[in-house]
file model-v5.cif (mmCIF, C-alpha atoms)
data_data
#
loop_
_atom_site.label_atom_id
_atom_site.label_comp_id
_atom_site.auth_asym_id
_atom_site.auth_seq_id
_atom_site.Cartn_x
_atom_site.Cartn_y
_atom_site.Cartn_z
CA MET P 49 8.16 -24.06 -36.90
CA ARG P 50 6.87 -21.53 -34.42
CA SER P 51 3.33 -21.29 -33.09
CA CYS P 52 1.57 -18.05 -32.22
CA GLY P 53 -0.92 -16.90 -29.60
CA ILE P 54 -2.43 -13.40 -29.59
CA ASP P 55 -4.15 -11.93 -26.57
CA PHE P 56 -6.08 -8.97 -28.00
CA GLY P 57 -7.19 -7.08 -24.90
CA THR P 58 -9.51 -4.22 -24.09
CA THR P 59 -6.61 -2.15 -22.75
CA ASN P 60 -3.40 -3.98 -23.69
CA SER P 61 -2.52 -6.73 -26.17
CA VAL P 62 0.28 -9.32 -26.11
CA VAL P 63 1.73 -11.69 -28.72
CA ALA P 64 3.57 -14.87 -27.73
CA LEU P 65 5.43 -17.42 -29.85
CA ALA P 66 6.26 -21.04 -28.99
CA ASP P 67 9.13 -22.93 -30.60
CA ASP P 68 9.14 -26.60 -31.63
CA SER P 69 9.90 -27.63 -28.06
CA GLY P 70 7.04 -25.58 -26.62
CA ASN P 71 9.24 -22.88 -25.13
CA VAL P 72 7.38 -19.56 -25.16
CA GLU P 73 8.81 -16.17 -26.08
CA LEU P 74 6.92 -12.92 -25.66
CA ALA P 75 7.18 -10.64 -28.69
CA PRO P 76 8.75 -7.21 -27.99
CA ILE P 77 5.96 -5.11 -29.51
CA GLY P 78 5.65 -2.31 -26.95
CA PRO P 79 7.74 0.70 -25.95
CA GLY P 80 11.36 -0.15 -25.21
CA GLY P 81 10.83 -3.74 -26.31
CA SER P 82 8.12 -4.46 -23.74
CA ALA P 83 5.58 -7.20 -24.37
CA THR P 84 2.44 -5.05 -24.08
CA PHE P 85 0.86 -3.02 -26.87
CA ARG P 86 -1.84 -0.48 -26.02
CA SER P 87 -5.09 -1.42 -27.77
CA LEU P 88 -6.00 1.98 -29.15
CA LEU P 89 -5.98 4.01 -32.35
CA PHE P 90 -5.65 7.69 -33.14
CA TYR P 91 -6.88 9.12 -36.42
CA GLU P 92 -5.20 12.35 -37.48
CA GLU P 93 -7.02 14.55 -39.96
CA GLY P 94 -5.46 14.42 -43.41
CA VAL P 95 -3.57 11.16 -42.87
CA ARG P 96 -4.84 8.71 -45.47
CA GLY P 97 -3.88 5.26 -46.62
CA PRO P 98 -4.79 3.15 -49.67
CA ARG P 99 -7.95 4.22 -51.54
CA GLY P 100 -8.08 7.37 -49.43
CA ARG P 101 -9.14 5.54 -46.27
CA PRO P 102 -8.17 7.22 -42.97
CA ARG P 103 -4.97 5.61 -41.68
CA PRO P 104 -4.54 5.55 -37.89
CA HIS P 105 -1.59 5.68 -35.58
CA CYS P 106 -1.68 2.48 -33.52
CA GLY P 107 -0.78 1.50 -29.97
CA PRO P 108 2.05 3.51 -28.33
CA ALA P 109 2.36 5.69 -31.45
CA ALA P 110 -1.33 6.60 -31.11
CA ILE P 111 -0.86 7.94 -27.58
CA GLU P 112 2.25 9.86 -28.60
CA ARG P 113 0.56 11.53 -31.56
CA TYR P 114 -2.66 12.17 -29.60
CA LEU P 115 -0.69 14.09 -26.99
CA GLU P 116 1.40 15.96 -29.58
CA LEU P 117 -1.78 17.22 -31.27
CA ASP P 118 -3.57 18.03 -27.98
CA GLY P 119 -6.28 15.54 -28.85
CA GLU P 120 -7.18 17.14 -32.18
CA GLY P 121 -8.31 13.98 -33.96
CA ARG P 122 -10.25 10.80 -33.19
CA LEU P 123 -9.00 8.51 -30.42
CA MET P 124 -10.48 5.01 -30.32
CA GLN P 125 -9.96 2.66 -27.40
CA SER P 126 -11.68 -0.28 -25.67
CA LEU P 127 -12.71 -1.50 -29.13
CA LYS P 128 -12.94 -5.10 -27.93
CA SER P 129 -15.77 -4.17 -25.59
CA PHE P 130 -18.00 -3.26 -28.56
CA LEU P 131 -17.67 -6.55 -30.46
CA ALA P 132 -20.96 -7.88 -29.08
CA SER P 133 -22.93 -4.66 -29.58
CA LYS P 134 -25.35 -4.88 -32.50
CA HIS P 135 -25.67 -1.09 -32.34
CA VAL P 136 -21.96 -0.35 -32.86
CA THR P 137 -20.92 -1.28 -36.38
CA GLY P 138 -18.39 1.47 -36.96
CA THR P 139 -17.99 5.22 -36.94
CA GLN P 140 -17.43 8.22 -39.16
CA VAL P 141 -13.80 9.32 -39.28
CA PHE P 142 -13.30 12.59 -41.12
CA GLY P 143 -16.10 11.85 -43.56
CA ALA P 144 -15.30 8.18 -44.11
CA GLU P 145 -17.18 5.24 -42.60
CA VAL P 146 -14.80 2.88 -40.79
CA THR P 147 -16.12 -0.43 -39.46
CA LEU P 148 -15.29 -1.83 -36.05
CA GLU P 149 -13.68 -4.85 -37.70
CA THR P 150 -11.44 -2.58 -39.78
CA MET P 151 -10.33 -0.61 -36.72
CA ILE P 152 -9.44 -3.77 -34.80
CA GLY P 153 -7.75 -5.11 -37.92
CA GLU P 154 -5.56 -2.01 -38.00
CA LEU P 155 -4.40 -2.79 -34.46
CA ILE P 156 -3.76 -6.46 -35.27
CA GLY P 157 -1.83 -5.50 -38.39
CA ALA P 158 0.33 -3.04 -36.45
CA MET P 159 1.15 -5.72 -33.86
CA ALA P 160 1.96 -8.24 -36.59
CA ARG P 161 4.35 -5.78 -38.23
CA ALA P 162 6.01 -5.11 -34.86
CA VAL P 163 6.53 -8.85 -34.34
CA GLU P 164 7.84 -9.41 -37.86
CA SER P 165 10.33 -6.55 -37.55
CA THR P 166 12.18 -8.42 -34.79
CA LEU P 167 11.17 -12.10 -34.83
CA GLY P 168 10.23 -12.80 -38.43
CA LYS P 169 6.96 -13.58 -40.16
CA LEU P 170 4.02 -14.81 -38.12
CA PRO P 171 2.82 -18.35 -38.83
CA ASP P 172 -0.27 -18.69 -41.02
CA ARG P 173 -2.38 -19.98 -38.12
CA VAL P 174 -2.79 -18.14 -34.83
CA VAL P 175 -4.72 -18.93 -31.66
CA VAL P 176 -6.64 -15.89 -30.40
CA GLY P 177 -8.19 -15.36 -26.99
CA ARG P 178 -11.72 -14.28 -26.19
CA PRO P 179 -13.51 -13.65 -22.89
CA VAL P 180 -16.11 -16.05 -21.60
CA ARG P 181 -18.71 -13.31 -21.79
CA PHE P 182 -18.13 -10.29 -23.99
CA ALA P 183 -19.35 -6.92 -22.81
CA TRP P 184 -22.81 -5.94 -24.16
CA THR P 185 -24.12 -9.50 -24.25
CA ASP P 186 -25.95 -11.61 -21.70
CA SER P 187 -25.10 -14.86 -23.48
CA PRO P 188 -21.66 -16.46 -23.70
CA ASP P 189 -23.00 -18.37 -26.73
CA ASP P 190 -23.76 -15.24 -28.79
CA PRO P 191 -21.85 -15.89 -32.05
CA LEU P 192 -21.64 -12.24 -33.16
CA PRO P 193 -18.58 -11.05 -31.19
CA GLU P 194 -16.45 -14.06 -32.15
CA GLU P 195 -17.48 -13.74 -35.81
CA ARG P 196 -16.51 -10.07 -35.78
CA LEU P 197 -13.20 -10.83 -34.06
CA ILE P 198 -12.33 -13.38 -36.76
CA ALA P 199 -13.34 -10.89 -39.46
CA ALA P 200 -11.06 -8.28 -37.87
CA PHE P 201 -8.11 -10.66 -38.08
CA ALA P 202 -8.99 -11.43 -41.70
CA SER P 203 -8.90 -7.70 -42.50
CA ALA P 204 -5.32 -7.74 -41.19
CA GLY P 205 -4.44 -10.61 -43.53
CA ILE P 206 -4.64 -13.38 -40.89
CA HIS P 207 -7.20 -15.89 -42.15
CA ASP P 208 -6.48 -19.07 -40.18
CA VAL P 209 -7.71 -18.18 -36.69
CA VAL P 210 -8.54 -20.53 -33.84
CA VAL P 211 -10.45 -18.87 -30.99
CA ALA P 212 -9.90 -20.05 -27.39
CA LEU P 213 -11.32 -18.92 -24.07
CA GLU P 214 -8.87 -16.65 -22.25
CA PRO P 215 -9.16 -18.35 -18.82
CA VAL P 216 -8.55 -21.73 -20.48
CA ALA P 217 -5.44 -20.27 -22.08
CA ALA P 218 -4.31 -19.06 -18.66
CA ALA P 219 -4.79 -22.62 -17.45
CA TYR P 220 -2.37 -23.86 -20.11
CA HIS P 221 0.18 -21.46 -18.69
CA PHE P 222 -0.36 -22.52 -15.07
CA VAL P 223 -1.27 -26.19 -14.84
CA GLY P 224 2.06 -27.68 -15.85
CA ALA P 225 3.07 -27.49 -12.18
CA LEU P 226 0.18 -29.69 -10.99
CA GLY P 227 1.77 -33.06 -11.71
CA SER P 228 -0.01 -36.35 -12.33
CA GLY P 229 -3.45 -37.37 -11.10
CA GLU P 230 -6.76 -35.52 -11.20
CA HIS P 231 -7.10 -31.94 -10.00
CA ARG P 232 -9.97 -29.48 -9.80
CA VAL P 233 -8.81 -25.98 -10.68
CA LEU P 234 -10.40 -22.52 -10.81
CA ILE P 235 -8.91 -19.91 -13.14
CA GLY P 236 -9.62 -16.18 -12.76
CA ASP P 237 -8.58 -13.90 -15.61
CA PHE P 238 -8.97 -10.16 -14.92
CA GLY P 239 -8.67 -7.82 -17.89
CA GLY P 240 -9.38 -4.15 -18.38
CA GLY P 241 -13.07 -4.54 -19.13
CA THR P 242 -14.04 -8.11 -18.21
CA SER P 243 -13.32 -10.70 -15.55
CA ASP P 244 -13.61 -14.35 -16.58
CA PHE P 245 -13.64 -17.55 -14.55
CA CYS P 246 -13.24 -21.15 -15.60
CA ALA P 247 -13.64 -24.39 -13.65
CA LEU P 248 -11.30 -27.09 -14.95
CA ARG P 249 -10.64 -30.74 -14.30
CA VAL P 250 -6.99 -31.53 -15.05
CA THR P 251 -6.16 -35.24 -15.37
CA ASP P 252 -2.49 -36.11 -15.93
CA GLY P 253 -2.00 -32.75 -17.62
CA VAL P 254 -5.10 -33.03 -19.84
CA ILE P 255 -7.52 -30.13 -19.35
CA SER P 256 -11.30 -30.55 -19.40
CA VAL P 257 -13.50 -27.48 -19.08
CA GLU P 258 -16.29 -28.06 -16.55
CA GLY P 259 -17.84 -24.61 -16.76
CA THR P 260 -17.22 -20.92 -17.44
CA HIS P 261 -18.67 -17.62 -16.24
CA GLY P 262 -17.79 -13.95 -16.57
CA VAL P 263 -18.78 -10.40 -15.70
CA GLY P 264 -18.21 -7.08 -17.46
CA LEU P 265 -16.02 -5.34 -14.90
CA ALA P 266 -12.34 -5.33 -13.97
CA GLY P 267 -9.42 -2.91 -13.74
CA ASP P 268 -11.02 -0.03 -15.64
CA SER P 269 -13.91 -0.01 -13.17
CA PHE P 270 -11.48 0.34 -10.26
CA ASP P 271 -9.68 3.25 -11.96
CA ALA P 272 -13.02 4.95 -12.54
CA ALA P 273 -13.95 4.51 -8.87
CA LEU P 274 -10.74 6.23 -7.79
CA VAL P 275 -11.38 9.15 -10.10
CA ASP P 276 -15.04 9.45 -9.11
CA LYS P 277 -14.44 9.36 -5.35
CA ALA P 278 -11.02 10.99 -4.95
CA VAL P 279 -10.61 13.34 -7.91
CA ALA P 280 -14.06 14.44 -9.11
CA PRO P 281 -14.97 16.19 -5.80
CA LEU P 282 -11.84 18.33 -6.24
CA LEU P 283 -13.09 19.32 -9.69
CA GLY P 284 -16.52 20.49 -8.55
CA LYS P 285 -18.57 17.31 -8.22
CA GLY P 286 -21.05 17.85 -5.39
CA ALA P 287 -20.50 21.62 -5.40
CA THR P 288 -23.29 24.15 -5.90
CA TYR P 289 -23.80 27.21 -8.06
CA ARG P 290 -26.26 30.10 -7.88
CA SER P 291 -28.86 29.79 -10.65
CA VAL P 292 -30.33 32.72 -12.57
CA PHE P 293 -33.36 32.40 -10.29
CA GLY P 294 -31.23 32.97 -7.20
CA ARG P 295 -31.38 29.35 -5.99
CA ASP P 296 -28.42 27.20 -5.01
CA MET P 297 -28.27 24.22 -7.37
CA ALA P 298 -25.95 21.21 -7.53
CA VAL P 299 -23.59 21.00 -10.48
CA PRO P 300 -25.04 18.11 -12.56
CA ASP P 301 -23.38 14.76 -11.94
CA THR P 302 -23.76 13.97 -15.64
CA ILE P 303 -20.76 16.20 -16.32
CA TYR P 304 -18.53 13.94 -14.25
CA ARG P 305 -19.57 10.75 -16.00
CA HIS P 306 -17.10 11.78 -18.69
CA LEU P 307 -14.34 11.29 -16.13
CA SER P 308 -15.01 7.54 -15.99
CA ARG P 309 -12.65 6.98 -18.96
CA TRP P 310 -9.78 9.31 -19.72
CA HIS P 311 -10.50 9.70 -23.45
CA GLU P 312 -14.16 10.60 -22.81
CA LEU P 313 -13.10 13.95 -21.35
CA SER P 314 -12.79 15.14 -24.94
CA PHE P 315 -16.60 14.93 -25.17
CA LEU P 316 -16.75 17.96 -22.87
CA LYS P 317 -14.62 19.99 -25.26
CA SER P 318 -17.45 20.98 -27.59
CA PRO P 319 -18.21 24.73 -27.69
CA ARG P 320 -21.61 24.11 -26.10
CA ASN P 321 -20.20 22.13 -23.18
CA MET P 322 -17.32 24.53 -22.60
CA LEU P 323 -19.77 27.45 -22.51
CA MET P 324 -21.80 25.55 -19.91
CA LEU P 325 -18.73 24.87 -17.75
CA HIS P 326 -17.66 28.52 -17.86
CA ASP P 327 -21.21 29.56 -16.87
CA TYR P 328 -21.03 27.28 -13.83
CA ARG P 329 -17.65 28.73 -12.86
CA ARG P 330 -19.00 32.28 -12.87
CA GLN P 331 -21.89 31.25 -10.61
CA MET P 332 -19.96 29.14 -8.06
CA ALA P 333 -18.74 30.22 -4.66
CA SER P 334 -15.54 28.20 -5.27
CA PRO P 335 -14.95 28.72 -9.01
CA GLU P 336 -11.42 27.30 -8.85
CA MET P 337 -12.86 23.79 -8.47
CA ILE P 338 -14.66 23.60 -11.78
CA GLY P 339 -11.87 25.76 -13.16
CA GLY P 340 -9.62 22.76 -12.62
CA LEU P 341 -11.99 20.61 -14.70
CA ILE P 342 -12.01 23.24 -17.45
CA HIS P 343 -8.20 23.27 -17.46
CA LEU P 344 -8.14 19.46 -17.61
CA VAL P 345 -10.48 19.41 -20.62
CA GLU P 346 -9.00 22.37 -22.49
CA ASN P 347 -5.46 20.99 -22.20
CA ASN P 348 -6.35 17.37 -22.97
CA LEU P 349 -4.92 16.07 -19.68
CA GLY P 350 -7.16 13.04 -19.23
CA TYR P 351 -4.47 10.51 -20.17
CA ALA P 352 -1.90 12.12 -17.86
CA LEU P 353 -4.41 12.15 -14.98
CA TYR P 354 -5.35 8.50 -15.43
CA ARG P 355 -1.68 7.53 -15.57
CA GLU P 356 -1.26 8.98 -12.08
CA VAL P 357 -4.49 7.34 -10.90
CA GLY P 358 -3.26 3.97 -12.17
CA GLY P 359 -0.03 4.42 -10.25
CA THR P 360 -1.98 5.14 -7.07
CA LYS P 361 -4.10 2.01 -7.57
CA VAL P 362 -0.99 -0.14 -8.00
CA ALA P 363 0.67 1.44 -4.94
CA LEU P 364 -2.40 0.68 -2.81
CA SER P 365 -1.78 -3.02 -3.43
CA GLU P 366 1.44 -2.63 -1.43
CA GLN P 367 0.74 0.30 0.89
CA ALA P 368 -1.98 1.30 3.36
CA VAL P 369 -1.83 4.90 2.08
CA ALA P 370 -0.68 6.10 -1.33
CA PRO P 371 -0.29 9.61 -2.77
CA LEU P 372 -2.32 10.84 -5.70
CA SER P 373 -0.59 13.88 -7.13
CA PHE P 374 -1.30 15.77 -10.31
CA GLU P 375 -0.08 19.29 -10.97
CA ASP P 376 -0.53 21.42 -14.07
CA ASP P 377 -0.96 25.05 -13.09
CA PRO P 378 -3.56 26.09 -12.01
CA LEU P 379 -4.65 22.49 -11.36
CA ASP P 380 -3.00 21.12 -8.22
CA ILE P 381 -4.13 17.78 -6.81
CA ASP P 382 -2.08 16.40 -3.94
CA ILE P 383 -3.92 14.01 -1.67
CA GLY P 384 -3.41 10.73 0.12
CA VAL P 385 -5.72 7.82 -0.60
CA THR P 386 -6.10 5.08 1.99
CA ARG P 387 -6.51 1.45 1.04
CA ASP P 388 -9.53 1.26 3.34
CA ALA P 389 -11.27 4.06 1.44
CA PHE P 390 -10.38 2.55 -1.94
CA GLU P 391 -11.69 -0.86 -0.91
CA ASP P 392 -14.91 0.76 0.27
CA TRP P 393 -15.33 2.47 -3.12
CA ILE P 394 -14.88 -0.80 -5.04
CA SER P 395 -16.72 -3.06 -2.57
CA ASP P 396 -19.82 -3.45 -4.76
CA ASP P 397 -17.66 -4.47 -7.73
CA VAL P 398 -15.71 -6.96 -5.62
CA ALA P 399 -19.00 -8.39 -4.39
CA ARG P 400 -20.10 -8.87 -8.00
CA LEU P 401 -16.88 -10.78 -8.69
CA GLY P 402 -17.61 -13.02 -5.71
CA ALA P 403 -21.18 -13.62 -6.85
CA THR P 404 -19.93 -14.59 -10.31
CA VAL P 405 -17.54 -17.15 -8.81
CA ASP P 406 -20.29 -18.54 -6.57
CA GLU P 407 -22.61 -18.90 -9.56
CA LEU P 408 -19.91 -20.82 -11.44
CA LEU P 409 -19.43 -23.24 -8.53
CA VAL P 410 -23.18 -23.89 -8.42
CA GLN P 411 -23.18 -24.38 -12.19
CA VAL P 412 -20.53 -27.14 -12.04
CA GLY P 413 -21.75 -28.64 -8.77
CA TRP P 414 -18.58 -27.92 -6.78
CA SER P 415 -18.14 -26.58 -3.29
CA ALA P 416 -15.22 -24.32 -2.44
CA SER P 417 -13.50 -27.24 -0.69
CA ASP P 418 -13.56 -29.22 -3.95
CA VAL P 419 -11.21 -26.72 -5.60
CA GLU P 420 -7.59 -27.77 -5.19
CA ARG P 421 -5.89 -24.77 -6.82
CA VAL P 422 -6.93 -21.26 -7.80
CA TYR P 423 -4.84 -19.42 -10.38
CA LEU P 424 -5.42 -15.69 -10.89
CA THR P 425 -4.01 -13.52 -13.66
CA GLY P 426 -4.40 -9.83 -14.42
CA GLY P 427 -3.45 -6.74 -12.44
CA THR P 428 -6.78 -6.68 -10.61
CA ALA P 429 -5.84 -9.98 -8.93
CA LYS P 430 -3.22 -8.06 -6.95
CA VAL P 431 -5.77 -5.69 -5.40
CA PRO P 432 -5.82 -6.88 -1.76
CA SER P 433 -9.61 -7.05 -1.41
CA VAL P 434 -9.83 -9.11 -4.61
CA TYR P 435 -7.11 -11.48 -3.42
CA ARG P 436 -8.87 -11.79 -0.04
CA LEU P 437 -12.09 -12.68 -1.85
CA PHE P 438 -10.40 -15.84 -3.13
CA SER P 439 -8.14 -16.64 -0.18
CA SER P 440 -11.10 -16.45 2.21
CA ARG P 441 -13.22 -18.73 0.05
CA PHE P 442 -10.60 -21.30 -0.92
CA GLY P 443 -7.75 -20.95 1.59
CA GLU P 444 -4.66 -18.83 1.09
CA GLY P 445 -2.42 -21.80 0.37
CA ARG P 446 -4.48 -22.73 -2.69
CA VAL P 447 -4.39 -19.32 -4.40
CA ALA P 448 -1.59 -18.27 -6.76
CA VAL P 449 -1.26 -15.03 -8.75
CA GLY P 450 0.57 -15.19 -12.08
CA ASP P 451 2.15 -12.66 -14.43
CA HIS P 452 -0.63 -10.14 -14.76
CA HIS P 453 -0.01 -9.11 -18.38
CA THR P 454 1.29 -12.14 -20.21
CA SER P 455 -0.17 -15.36 -18.79
CA VAL P 456 -3.01 -15.57 -21.31
CA ALA P 457 -0.81 -14.91 -24.35
CA ALA P 458 1.71 -17.51 -23.18
CA GLY P 459 -1.09 -20.03 -22.72
CA LEU P 460 -2.48 -19.28 -26.18
CA ALA P 461 0.95 -19.90 -27.69
CA ARG P 462 1.15 -23.26 -25.90
CA MET P 463 -2.31 -24.14 -27.21
CA ALA P 464 -1.16 -23.21 -30.72
CA HIS P 465 1.94 -25.39 -30.27
CA ASP P 466 -0.25 -28.37 -29.35
CA LEU P 467 -2.40 -27.80 -32.44
CA ASP P 468 0.63 -27.54 -34.72
CA ARG P 469 2.32 -30.70 -33.52
#
call {"tool": "encode", "arguments": {"input": "model-v5.cif", "output": "structure tokens"}}
result
Amino acid sequence: MRSCGIDFGTTNSVVALADDSGNVELAPIGPGGSATFRSLLFYEEGVRGPRGRPRPHCGPAAIERYLELDGEGRLMQSLKSFLASKHVTGTQVFGAEVTLETMIGELIGAMARAVESTLGKLPDRVVVGRPVRFAWTDSPDDPLPEERLIAAFASAGIHDVVVALEPVAAAYHFVGALGSGEHRVLIGDFGGGTSDFCALRVTDGVISVEGTHGVGLAGDSFDAALVDKAVAPLLGKGATYRSVFGRDMAVPDTIYRHLSRWHELSFLKSPRNMLMLHDYRRQMASPEMIGGLIHLVENNLGYALYREVGGTKVALSEQAVAPLSFEDDPLDIDIGVTRDAFEDWISDDVARLGATVDELLVQVGWSASDVERVYLTGGTAKVPSVYRLFSSRFGEGRVAVGDHHTSVAAGLARMAHDLDR
């Protein structure tokens, strides 16, 4: 009998299975048999499923179809971040109301089918991860997001769901190496939209949760900072235009807020917004700058741009200077980004991460010296200034960074195995 853990993430999702002996296997649900599945949907006009309901392309297929159709459709991503929002219940998709739970259920169902095509049917019960603090809520005890998450799984035909905290799941993946005795451990789990921390007491392999804390920022915030500081000025942010009254005016910053997430660039593609952008270009001394933004929007290049930005961010974890290049005539971006500059741009966010950890230590009554081991998971943990945040507080020898995509899913599968025994 196999046990299943599902890490449904803001950006990527992972499914892991544990056999009778507790050995964990990651399901090959992504491109080329990879373990990661992009957590997004694309609705194409005219594509309908049972009872005429819009039927989306899911995960990697959604990106592929979105690019093939130049964005002509509805792209949905970061759905997990809306689970706690009482104001977001669903959306209109080509005249049909689709609930948030249904959209997430479509993603879960697509992942389940991908698993079953290679590894066989999922078990009836699954253990599912959740952040300590969902986005859009100030209370980790708010029941709404967890209730909606369970309902989303039910809409995908999975009715026996056990919900576990993601940093606790990461602990299940890490703490086997601690050995006997009592240990105080801090887990940091960095996702796309949230960063979660958990203080644990591990006694002879048995985990007790002392306290949890989280904050609604992580890797996506760092990507947005790179775009805002390095790319947006090349696309006209901070530039001026000559108004109809003959005064030099700054191009509104509100335009560039749509650059904070790659799919939000499509919001600028409305006839009204495009007319506004073309008006600015005619009135600017350097029209080629906002012309680059117009080209980016008209040709639906947000995903391609963010892919290059993500590569630059990763490279800056290893290099002092990394190139950021993006060319699609007439748009030509070719700059070098220094790690020092990047760390300056994200310094406020890193400080917020540090404050969240400090608040957790106060909550559980620990000092930094009380913590024996710190385990970090998620790509953000590899950003040097984030790693330094923990090594400076706890000592470099106590900090370990795990597999940044799969640690939580593997831990959830081990938790499921323990429940099924």
call {"tool": "closest_residue", "arguments": {"input": "model-v5.cif", "among": "P:Val299, P:Leu408, P:Met332, P:Ala352", "to": "Val180 (chain P)", "atoms": "all atoms listed in the file"}}
result
P:Leu408
call {"tool": "residues_around", "arguments": {"input": "model-v5.cif", "residues": "Gly253 (chain P)", "least_positions_apart": "2", "cutoff": "8 Å", "atoms": "all atoms listed in the file", "output": "NGL selection string"}}
result
:P and (223-224 or 226-228 or 250-251 or 255)
call {"tool": "closest_residue", "arguments": {"input": "model-v5.cif", "among": "P:Ala461, P:Leu424, P:Val211, P:Leu437", "to": "Asp244 (chain P)", "atoms": "all atoms listed in the file"}}
result
P:Leu424
call {"tool": "closest_residue", "arguments": {"input": "model-v5.cif", "among": "P:Arg50, P:Gly350, P:Leu313, P:Leu248", "to": "Ile111 (chain P)", "atoms": "only C-alpha atoms"}}
result
P:Gly350
call {"tool": "atom_distance", "arguments": {"input": "model-v5.cif", "atom1": "CA of Asp392 (chain P)", "atom2": "CA of Lys277 (chain P)"}}
result
10.3 Å
call {"tool": "resolve_selection", "arguments": {"input": "model-v5.cif", "expression": "the PyMOL selection byres ((chain P and resi 156-168) around 9)", "output": "PyMOL selection string"}}
result
chain P and resi 56+61-63+75-78+85+105-107+151-155+169-170+200-201+203-206
call {"tool": "residues_around", "arguments": {"input": "model-v5.cif", "residues": "Ile338 (chain P)", "least_positions_apart": "4", "cutoff": "12 Å", "atoms": "all atoms listed in the file", "output": "number ranges by chain"}}
result
P: 279-289, 299-300, 303-304, 322, 324-334, 342-345, 378-379
call {"tool": "closest_residue", "arguments": {"input": "model-v5.cif", "among": "P:Leu323, P:Val176, P:Val357, P:Glu346", "to": "Asp208 (chain P)", "atoms": "all atoms listed in the file"}}
result
P:Val176
call {"tool": "residues_around", "arguments": {"input": "model-v5.cif", "residues": "Ala247 (chain P)", "least_positions_apart": "6", "cutoff": "8 Å", "atoms": "all atoms listed in the file", "output": "list in words"}}
result
Arg232, Val233, Leu234, Ile235, Val257, Glu258, Gly259, Thr260, Leu408, Leu409 and Val412 of chain P
call {"tool": "resolve_selection", "arguments": {"input": "model-v5.cif", "expression": "the PyMOL selection byres ((chain P and resi 310) around 10)", "output": "VMD selection string"}}
result
chain P and resid 271 to 272 275 306 to 309 311 to 314 348 to 355
call {"tool": "resolve_selection", "arguments": {"input": "model-v5.cif", "expression": "the PyMOL selection byres ((chain P and resi 127-134) around 9)", "output": "PyMOL selection string"}}
result
chain P and resi 56-59+87-88+124-126+135-137+148-149+151-152+182-185+190-197+241-242+264
call {"tool": "closest_residue", "arguments": {"input": "model-v5.cif", "among": "P:Glu93, P:Asp276, P:Asp468, P:Asp67", "to": "Ala144 (chain P)", "atoms": "all atoms listed in the file"}}
result
P:Glu93
call {"tool": "closest_residue", "arguments": {"input": "model-v5.cif", "among": "P:Ile198, P:Ala399, P:Ala464, P:Leu364", "to": "Ala66 (chain P)", "atoms": "only C-alpha atoms"}}
result
P:Ala464
call {"tool": "residues_near_point", "arguments": {"input": "model-v5.cif", "point": "(0.2, -17.9, -21.1)", "cutoff": "7 Å", "atoms": "all atoms listed in the file", "output": "list in words"}}
result
Ala217, Ala218, Tyr220, His221, Thr454, Ser455, Val456, Ala457, Ala458, Gly459, Leu460 and Ala461 of chain P
call {"tool": "atom_distance", "arguments": {"input": "model-v5.cif", "atom1": "CA of Gly81 (chain P)", "atom2": "CA of Asp68 (chain P)"}}
result
23.5 Å
call {"tool": "residues_around", "arguments": {"input": "model-v5.cif", "residues": "Ser365 (chain P)", "least_positions_apart": "6", "cutoff": "7 Å", "atoms": "only C-alpha atoms", "output": "number ranges by chain"}}
result
P: 430-432
